[in-house]
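Shown next, in structure tokens, is the structure this report addresses.
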Amino acid sequence: MEDRNSFTFALLSYNHSKYIIEHLESIKFLVDKYASNIDVDLIINDDFSKDNTRDKIDLWLCHNENIFKRVLKIYNDVNLGTCKSTLNIINNCNTDYIKITAGDDVFSYENIFSFAVKYNKGDIISGLPIGLINHKLDFNHADVFNIVASDVIYSKVGHDKRFKSLSFNNAPNIIYNLTKLKSDSLKRFLGNYDVVEDLPIQINLAESNDFKFIQDYKTYVYYRRTEGSTYIIANDRFKNDQVKIFDYLIDKENNIFDKLILKSRKYSFLKKNRVLKKIFNLGIYLYLLRLILNVKTIFVKYRSVMSDSDIDNHKLHFDLINKRSQKYNVN
């Protein structure tokens with residue numbers, strides 16, 4: 001009998017009524033197109049939305065629940081924060097692979113199942129971001145350049161250093177190793193935080209002795225920035241988590257130079273003036289030095305990545321998903 005892989009789409013929602021159907025329809029597209037030999041689960045954790053996000057989820061599932069092997073809805077009675085909601089999902093996942101994504105993002109047409117299987121020995125595997133702003137897709141070329149630069153830089157100095165140093169990563173396009181996510185160490189560490197879930201996970205995974213980071217240059221998720229983004233709506237909670245992360249890294253760092261870099265980054269983070277934030281951040285200078293030392297390799301790779309990009313097909317795909325979502329977008 002042929003072995004079947006299993007995969008969980010894990011959805012973190014909070015006041016995503018405007019976007020949740022697009023997210024779900026993009027999952028349906030992937031299941032219909034690529035999952036004939038894959039058992040697909042759907043886990044939804046809604047963190048006490050105050051709009052009609054849950055109503056729209058329930059409506060969509062009435063018509064589409066049968067495409068999944070298992071559907072689990074976790075509707076929090078109070079707002080627990082993104083980290084506890086993520087732990088809810090991890091503790092209830094029993095498939096081979098998982099992709100945790102916010103309910104306002106949209107999956108691309110790329111085969112995320114083969115992406116996960118291809119790099120199954122990676123702890124963190126990441127794709128290339130395409131931004132989704134005001135229902136329009138486009139590359140942010142600065143983001144793409146710096147992701148390429150980060151990949152080149154930390155391929156040489158060690159990817160385990162990228163999450164405590166200044167680097168550029170796109171959380172919506174990251175898949176984590178589920179076995180590592182289920183470790184007691186990671187769950188305890190993530191439990192110390194509130195609304196910033198991606199960086200604690202990345203730091204904990206990077207601290208393992210056999211850590212492996214893999215950068216892929218296809219786009220698997222269109223990431224949406226809205227007025228509902230966590231760093232805006234939970235601003236104080238977001239800041240508190242960031243400070244706690246800096247404090248953890250500073251306390252654990254034994255190298256005097258690296259400790260100084262981290263302290264300068266924390267100091268700059270707490271500054272309100274944007275200019276001072278950059279002037280006092282020694283991590284920026286170190287990143288720029290590393291970039292300059294690898295500038296030729298970075299530019300060659302960046303040009304290659306952009307020449308292989310296919311933004312027009314991604315736009316057509318998003319238009320399709322948006323069109324399919326319209327029949328569920330009732331008030």
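If you're wondering about the labels, chains in the structure tokens are A, B, ... by order shown, residues count from 1 in each chain, ligands from 1 in order shown.
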
Who sits within 8 Å of region 207-217 of chain A, only C-alpha atoms, same chain under 4 positions skipped, as a VMD selection string
chain A and resid 119 121 to 128 151 159 to 160 203 305

DSSP says helix (DSSP H, G or I) for which residues of region 71-221 of chain A? Put them as an MDAnalysis selection string?
chainID A and resid 82:92 112:118 141:157 159:161 171:173 178:181 184:190 198:206

Which neighbours of region 168-178 of chain A fall inside 9 Å, counting only C-alpha atoms, when residues of the same chain fewer than 3 positions from it are skipped, and could you give them as JSON, numbers by chain?
{"A": [90, 93, 95, 96, 97, 98, 99, 100, 101, 102, 105, 116, 120, 121, 122, 123, 124, 125, 126, 127, 128, 129, 143, 144, 146, 147, 148, 149, 150, 151, 162, 163, 181, 182, 183, 198, 199, 201, 202, 205, 219, 220, 221, 222, 223]}

Ranking A:Asp251, A:Glu65, A:Asp55, A:Asp310 by minimum distance to Ile43 (chain A) and counting only C-alpha atoms, which one comes first?
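For Ile43 (chain A), the nearest of the candidates is A:Glu65.
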
For region 30-35 of chain A: contacts at 10 Å, only C-alpha atoms, fewer than 3 positions along chain excluded, given as number ranges by chain:
A: 5-7, 25-27, 38-40, 67-68, 107-114
